[in-house]
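First up is the structure itself, then whatever we jot down about it.
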2 protein chains.
Amino acid sequence: MLGAIEAGGTKFVLAIGPAPDAITARHTIPTRDPAATLAEAAAWFAAQGRVTALGIGSFGPVELDRGSGRWGFITNTPKAGWADCDIAGFFARSLGVPVGFDTDVNAAALAEYRAARGEGCRSLAYLTIGTGIGGGLVLDGQPVHGIAHPEMGHIYPRRSAEDRDFRGICPHHGDCLEGLASGPAIHARWGASLSQLAPDDPAHAIIADYVAQACHTLFASLAVERVVIGGGVAKTAGLVERIAARTAELGAGYLPGGARHRVHSPHHGDNAGITGALMLAEAAR
Amino acid sequence: MLGAIEAGGTKFVLAIGPAPDAITARHTIPTRDPAATLAEAAAWFAAQGRVTALGIGSFGPVELDRGSGRWGFITNTPKAGWADCDIAGFFARSLGVPVGFDTDVNAAALAEYRAARGEGCRSLAYLTIGTGIGGGLVLDGQPVHGIAHPEMGHIYPRRSAEDRDFRGICPHHGDCLEGLASGPAIHARWGASLSQLAPDDPAHAIIADYVAQACHTLFASLAVERVVIGGGVAKTAGLVERIAARTAELGAGYLPGGARHRVHSPHHGDNAGITGALMLAEAAR
């Protein structure tokens, strides 16, 4: 039996299953301070019977360098109490099993890649548009870390002519993608979620354009075959279709990957992250 | 002895050497129609004595999928006569040796990666800013193809407030990076090359900003450790330093790769592409 944690800033999703696509038990706990949260998670796994390996997809920033003494740590997060938290080490010690570890979005990308590879897909990015914006990337089956890990929410989209005055809410970059198109950024200028705004509200096209620019950038700079769009904002009716259409406009038929480039919703829905965390457990076993 | 070709739209650089960093003979021919150009290149190699393998870094678009019957082809280029040219097949047949094949910019990225890996670098992008703008990418020693190959010149940078009126020269995208910052785009609005403009001309900061946005995008979306900037425009005095400084401003100290992200000029200077083509030969041997 494999165990998995999708460690988020507001909740931890815990699951066990004999294989990544076979979750047999699942539990969600609120994220409090590390001591209370990690102990509650460990107790839940202990009550499920023995797991042979654990996979963790975590909020970040995290240390993914196996050569670092801090591998498996959440590093310099502003989230109170969580900076320098040895989350992988905690579970390796408390459960006595090998632990696989990556970002939450790389875990989700792994799960979506697994679903897509049967159709011949060999490269895939996963973007989550929610409280924050982040992205994971899998090329030829391997999650991409680079020198640390991608922070795709912090690229700078070109501003929409209909959205010139908003300064953006990212404390680091102002009007980067996360500063413009995350859930809190949408609330900040329209006082509502995108789902609450009328279908003909210009906000839909504006947000679709910003996310589409990120998709085009991934297609052009990496030639990644697919971009999967998850997260709470992406559940807005019609939004992913708008993003896909706008991405095609931006490409203008030029890219050599052509119509094989696709933008779509997650095959795994809300289970992409936890499914990917089970894949991390399987690989660590 | 290895053979190599850097196949460009205006010239072919030919070289032989016993190893990638040991070029023993080198020759440049103008790019004419495929029949004349390829025959002249093959004759030069034949006159050098036997090579055991050939590497080609080519202008594109190209077919890099080993599973395709058109692997090693230049595909739908607008360059007269070159569409559907089986360049790898021509040399495999005429020289009777195994042929390695990739984009010119992936070849250059391979050569720069080879130079950087001694310093612990495991991910690198190579951007060329010249007649066109293109990019190659190497992660953990492997060139990235995605579904075809990157076309990094066709991302959309945010427009500079001091450069609002120029429409850009890309026939597909107008004011994409290539449409704004390539050599012909610089000529189109300032009537001169960047090197010919005074050091305090605003053009320097404008072009540096556009290229810096591409560098920041690669750091944020891929966490690639380094971006190496080559090509004719990049020889403008001070430009790469301006790009590096502006990229750091855009990152605002946020990215987890921190100061390990670097923007610099090619270790191999103008030899990056041909050195990488020799590496493609070495790998094919």
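How things are named: the first chain in the structure tokens is A, the next is B, and so on; residues count from 1 in each chain; ligands count from 1 in the order shown.
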Distance filter 6 Å, only C-alpha atoms, chain A against chain B, as number ranges by chain: A: 123, 146-152, 155, 158, 217, 220-225, 256-257
Helix (DSSP H, G or I) residues, from DSSP on the backbone, in segment 3-159 of chain A, as an MDAnalysis selection string: chainID A and resid 34:47 87:95 104:119 152:154
Could you write out that same residue set with N, CA and C atoms as a short mmCIF file (atom, residue, chain, number, x, y, z; two decimals), in the first residue's frame?
data_model
loop_
_atom_site.label_atom_id
_atom_site.label_comp_id
_atom_site.auth_asym_id
_atom_site.auth_seq_id
_atom_site.Cartn_x
_atom_site.Cartn_y
_atom_site.Cartn_z
N PRO A 34 3.25 23.42 11.80
CA PRO A 34 3.81 22.14 11.33
C PRO A 34 3.66 21.02 12.36
N ALA A 35 3.94 21.28 13.64
CA ALA A 35 3.93 20.19 14.62
C ALA A 35 2.56 19.52 14.67
N ALA A 36 1.51 20.32 14.77
CA ALA A 36 0.16 19.75 14.87
C ALA A 36 -0.27 19.09 13.57
N THR A 37 0.04 19.74 12.45
CA THR A 37 -0.41 19.24 11.15
C THR A 37 0.28 17.92 10.80
N LEU A 38 1.60 17.90 10.97
CA LEU A 38 2.34 16.70 10.58
C LEU A 38 2.00 15.53 11.51
N ALA A 39 1.80 15.82 12.80
CA ALA A 39 1.46 14.74 13.73
C ALA A 39 0.09 14.15 13.40
N GLU A 40 -0.85 15.02 13.04
CA GLU A 40 -2.19 14.52 12.70
C GLU A 40 -2.14 13.67 11.43
N ALA A 41 -1.34 14.12 10.47
CA ALA A 41 -1.21 13.34 9.23
C ALA A 41 -0.58 11.98 9.52
N ALA A 42 0.48 11.97 10.33
CA ALA A 42 1.17 10.71 10.62
C ALA A 42 0.24 9.75 11.35
N ALA A 43 -0.58 10.30 12.25
CA ALA A 43 -1.52 9.45 13.00
C ALA A 43 -2.55 8.82 12.07
N TRP A 44 -2.99 9.60 11.07
CA TRP A 44 -3.96 9.05 10.12
C TRP A 44 -3.35 7.88 9.34
N PHE A 45 -2.12 8.08 8.85
CA PHE A 45 -1.47 6.98 8.12
C PHE A 45 -1.28 5.76 9.02
N ALA A 46 -0.88 5.99 10.27
CA ALA A 46 -0.67 4.86 11.19
C ALA A 46 -1.96 4.06 11.37
N ALA A 47 -3.08 4.78 11.37
CA ALA A 47 -4.38 4.11 11.57
C ALA A 47 -4.84 3.34 10.34
N ILE A 87 9.81 18.39 6.03
CA ILE A 87 8.57 17.61 5.91
C ILE A 87 8.84 16.19 5.45
N ALA A 88 9.74 16.00 4.47
CA ALA A 88 10.03 14.63 4.02
C ALA A 88 10.72 13.85 5.13
N GLY A 89 11.65 14.48 5.83
CA GLY A 89 12.36 13.81 6.91
C GLY A 89 11.42 13.40 8.04
N PHE A 90 10.46 14.27 8.34
CA PHE A 90 9.51 13.94 9.41
C PHE A 90 8.79 12.63 9.11
N PHE A 91 8.29 12.48 7.90
CA PHE A 91 7.52 11.27 7.59
C PHE A 91 8.43 10.05 7.39
N ALA A 92 9.64 10.27 6.87
CA ALA A 92 10.58 9.16 6.75
C ALA A 92 10.85 8.56 8.14
N ARG A 93 10.99 9.43 9.13
CA ARG A 93 11.26 8.96 10.50
C ARG A 93 10.01 8.40 11.17
N SER A 94 8.88 9.13 11.02
CA SER A 94 7.71 8.71 11.80
C SER A 94 7.04 7.47 11.20
N LEU A 95 7.11 7.32 9.87
CA LEU A 95 6.50 6.14 9.26
C LEU A 95 7.53 5.06 8.95
N ASP A 104 3.89 20.41 -5.37
CA ASP A 104 2.50 20.01 -5.59
C ASP A 104 2.15 20.02 -7.09
N VAL A 105 2.67 21.02 -7.80
CA VAL A 105 2.34 21.14 -9.22
C VAL A 105 3.13 20.15 -10.09
N ASN A 106 4.33 19.79 -9.70
CA ASN A 106 5.00 18.73 -10.43
C ASN A 106 4.29 17.40 -10.20
N ALA A 107 3.79 17.18 -8.98
CA ALA A 107 3.01 15.96 -8.73
C ALA A 107 1.78 15.92 -9.65
N ALA A 108 1.08 17.03 -9.72
CA ALA A 108 -0.11 17.08 -10.59
C ALA A 108 0.28 16.86 -12.05
N ALA A 109 1.40 17.45 -12.45
CA ALA A 109 1.86 17.27 -13.84
C ALA A 109 2.19 15.80 -14.11
N LEU A 110 2.80 15.13 -13.13
CA LEU A 110 3.10 13.70 -13.30
C LEU A 110 1.83 12.89 -13.52
N ALA A 111 0.80 13.19 -12.73
CA ALA A 111 -0.45 12.45 -12.86
C ALA A 111 -1.10 12.69 -14.22
N GLU A 112 -1.09 13.93 -14.66
CA GLU A 112 -1.68 14.24 -15.96
C GLU A 112 -0.85 13.64 -17.10
N TYR A 113 0.45 13.63 -16.93
CA TYR A 113 1.32 13.00 -17.94
C TYR A 113 1.00 11.52 -18.06
N ARG A 114 0.83 10.88 -16.90
CA ARG A 114 0.49 9.45 -16.90
C ARG A 114 -0.79 9.19 -17.69
N ALA A 115 -1.76 10.10 -17.52
CA ALA A 115 -3.03 9.94 -18.24
C ALA A 115 -2.86 10.20 -19.73
N ALA A 116 -1.94 11.10 -20.10
CA ALA A 116 -1.81 11.53 -21.50
C ALA A 116 -0.84 10.67 -22.31
N ARG A 117 0.04 9.97 -21.63
CA ARG A 117 1.10 9.29 -22.39
C ARG A 117 0.54 8.16 -23.25
N GLY A 118 -0.61 7.61 -22.84
CA GLY A 118 -1.24 6.59 -23.67
C GLY A 118 -1.66 7.13 -25.04
N GLU A 119 -1.80 8.44 -25.11
CA GLU A 119 -2.12 9.08 -26.41
C GLU A 119 -0.84 9.59 -27.08
N MET A 152 6.04 29.38 -12.24
CA MET A 152 5.43 29.88 -13.47
C MET A 152 4.46 31.02 -13.26
N GLY A 153 3.99 31.19 -12.03
CA GLY A 153 3.07 32.29 -11.77
C GLY A 153 3.72 33.65 -11.84
N HIS A 154 5.05 33.66 -11.94
CA HIS A 154 5.74 34.94 -11.83
C HIS A 154 6.33 35.43 -13.15
#
Nearest candidate to Ala237 of chain A (options A:Leu194, A:Ala272, A:Val99, A:Ala4; using only C-alpha atoms):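 Ranking A:Leu194, A:Ala272, A:Val99, A:Ala4 by distance to Ala237 of chain A, first place goes to A:Leu194.
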DSSP on the backbone, strand (DSSP E) only: what residues of segment 94-160 of chain B does that give? Format it as a PDB file with N, CA, C and O atoms, in the first residue's frame.
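Final output, part-v1.pdb:
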ATOM      1  N   VAL B  99      24.703  10.075 -38.711  1.00  0.00           N
ATOM      2  CA  VAL B  99      24.497  11.522 -38.649  1.00  0.00           C
ATOM      3  C   VAL B  99      23.689  11.872 -37.392  1.00  0.00           C
ATOM      4  O   VAL B  99      22.645  11.277 -37.140  1.00  0.00           O
ATOM      5  N   GLY B 100      24.204  12.822 -36.623  1.00  0.00           N
ATOM      6  CA  GLY B 100      23.446  13.419 -35.521  1.00  0.00           C
ATOM      7  C   GLY B 100      22.829  14.717 -35.995  1.00  0.00           C
ATOM      8  O   GLY B 100      23.417  15.429 -36.819  1.00  0.00           O
ATOM      9  N   PHE B 101      21.663  15.040 -35.487  1.00  0.00           N
ATOM     10  CA  PHE B 101      20.907  16.164 -36.064  1.00  0.00           C
ATOM     11  C   PHE B 101      20.108  16.856 -34.981  1.00  0.00           C
ATOM     12  O   PHE B 101      19.445  16.210 -34.169  1.00  0.00           O
ATOM     13  N   ASP B 102      20.166  18.176 -34.956  1.00  0.00           N
ATOM     14  CA  ASP B 102      19.329  18.946 -34.038  1.00  0.00           C
ATOM     15  C   ASP B 102      19.244  20.375 -34.585  1.00  0.00           C
ATOM     16  O   ASP B 102      19.799  20.682 -35.645  1.00  0.00           O
ATOM     17  N   THR B 103      18.536  21.224 -33.878  1.00  0.00           N
ATOM     18  CA  THR B 103      18.490  22.627 -34.301  1.00  0.00           C
ATOM     19  C   THR B 103      19.858  23.279 -34.058  1.00  0.00           C
ATOM     20  O   THR B 103      20.636  22.853 -33.201  1.00  0.00           O
ATOM     21  N   SER B 123      21.462  22.841 -16.198  1.00  0.00           N
ATOM     22  CA  SER B 123      20.393  23.285 -17.095  1.00  0.00           C
ATOM     23  C   SER B 123      20.790  24.624 -17.689  1.00  0.00           C
ATOM     24  O   SER B 123      21.270  25.513 -16.973  1.00  0.00           O
ATOM     25  N   LEU B 124      20.590  24.745 -18.995  1.00  0.00           N
ATOM     26  CA  LEU B 124      21.086  25.936 -19.698  1.00  0.00           C
ATOM     27  C   LEU B 124      20.254  26.186 -20.940  1.00  0.00           C
ATOM     28  O   LEU B 124      19.889  25.263 -21.664  1.00  0.00           O
ATOM     29  N   ALA B 125      19.953  27.437 -21.170  1.00  0.00           N
ATOM     30  CA  ALA B 125      19.314  27.842 -22.426  1.00  0.00           C
ATOM     31  C   ALA B 125      20.289  28.719 -23.205  1.00  0.00           C
ATOM     32  O   ALA B 125      21.102  29.442 -22.620  1.00  0.00           O
ATOM     33  N   TYR B 126      20.217  28.630 -24.524  1.00  0.00           N
ATOM     34  CA  TYR B 126      21.028  29.463 -25.401  1.00  0.00           C
ATOM     35  C   TYR B 126      20.077  30.268 -26.263  1.00  0.00           C
ATOM     36  O   TYR B 126      19.226  29.696 -26.959  1.00  0.00           O
ATOM     37  N   LEU B 127      20.191  31.584 -26.183  1.00  0.00           N
ATOM     38  CA  LEU B 127      19.373  32.469 -27.019  1.00  0.00           C
ATOM     39  C   LEU B 127      20.291  33.134 -28.037  1.00  0.00           C
ATOM     40  O   LEU B 127      21.328  33.693 -27.661  1.00  0.00           O
ATOM     41  N   THR B 128      19.916  33.103 -29.298  1.00  0.00           N
ATOM     42  CA  THR B 128      20.654  33.872 -30.292  1.00  0.00           C
ATOM     43  C   THR B 128      19.814  35.061 -30.723  1.00  0.00           C
ATOM     44  O   THR B 128      18.620  34.926 -31.038  1.00  0.00           O
ATOM     45  N   ILE B 129      20.452  36.248 -30.686  1.00  0.00           N
ATOM     46  CA  ILE B 129      19.774  37.484 -31.071  1.00  0.00           C
ATOM     47  C   ILE B 129      20.509  37.989 -32.303  1.00  0.00           C
ATOM     48  O   ILE B 129      21.622  38.532 -32.194  1.00  0.00           O
ATOM     49  N   ILE B 133      15.568  35.493 -33.927  1.00  0.00           N
ATOM     50  CA  ILE B 133      15.804  35.152 -32.525  1.00  0.00           C
ATOM     51  C   ILE B 133      15.321  33.729 -32.312  1.00  0.00           C
ATOM     52  O   ILE B 133      14.202  33.376 -32.698  1.00  0.00           O
ATOM     53  N   GLY B 134      16.202  32.907 -31.737  1.00  0.00           N
ATOM     54  CA  GLY B 134      15.837  31.524 -31.465  1.00  0.00           C
ATOM     55  C   GLY B 134      16.498  31.075 -30.191  1.00  0.00           C
ATOM     56  O   GLY B 134      17.401  31.744 -29.676  1.00  0.00           O
ATOM     57  N   GLY B 135      16.054  29.940 -29.700  1.00  0.00           N
ATOM     58  CA  GLY B 135      16.624  29.449 -28.463  1.00  0.00           C
ATOM     59  C   GLY B 135      16.714  27.949 -28.431  1.00  0.00           C
ATOM     60  O   GLY B 135      15.881  27.250 -29.015  1.00  0.00           O
ATOM     61  N   GLY B 136      17.739  27.453 -27.761  1.00  0.00           N
ATOM     62  CA  GLY B 136      17.913  26.030 -27.509  1.00  0.00           C
ATOM     63  C   GLY B 136      17.973  25.803 -26.012  1.00  0.00           C
ATOM     64  O   GLY B 136      18.194  26.743 -25.245  1.00  0.00           O
ATOM     65  N   LEU B 137      17.796  24.560 -25.632  1.00  0.00           N
ATOM     66  CA  LEU B 137      17.614  24.258 -24.219  1.00  0.00           C
ATOM     67  C   LEU B 137      18.189  22.886 -23.922  1.00  0.00           C
ATOM     68  O   LEU B 137      17.894  21.922 -24.635  1.00  0.00           O
ATOM     69  N   VAL B 138      19.012  22.791 -22.888  1.00  0.00           N
ATOM     70  CA  VAL B 138      19.586  21.518 -22.461  1.00  0.00           C
ATOM     71  C   VAL B 138      19.290  21.330 -20.977  1.00  0.00           C
ATOM     72  O   VAL B 138      19.607  22.193 -20.158  1.00  0.00           O
ATOM     73  N   LEU B 139      18.649  20.215 -20.639  1.00  0.00           N
ATOM     74  CA  LEU B 139      18.362  19.871 -19.252  1.00  0.00           C
ATOM     75  C   LEU B 139      19.042  18.545 -18.936  1.00  0.00           C
ATOM     76  O   LEU B 139      18.825  17.561 -19.658  1.00  0.00           O
ATOM     77  N   GLN B 142      20.575  16.682 -21.845  1.00  0.00           N
ATOM     78  CA  GLN B 142      19.765  16.333 -23.010  1.00  0.00           C
ATOM     79  C   GLN B 142      19.138  17.574 -23.657  1.00  0.00           C
ATOM     80  O   GLN B 142      18.494  18.359 -22.954  1.00  0.00           O
ATOM     81  N   PRO B 143      19.279  17.721 -24.963  1.00  0.00           N
ATOM     82  CA  PRO B 143      18.566  18.819 -25.627  1.00  0.00           C
ATOM     83  C   PRO B 143      17.060  18.585 -25.560  1.00  0.00           C
ATOM     84  O   PRO B 143      16.597  17.454 -25.690  1.00  0.00           O
TER      85      PRO B 143
END
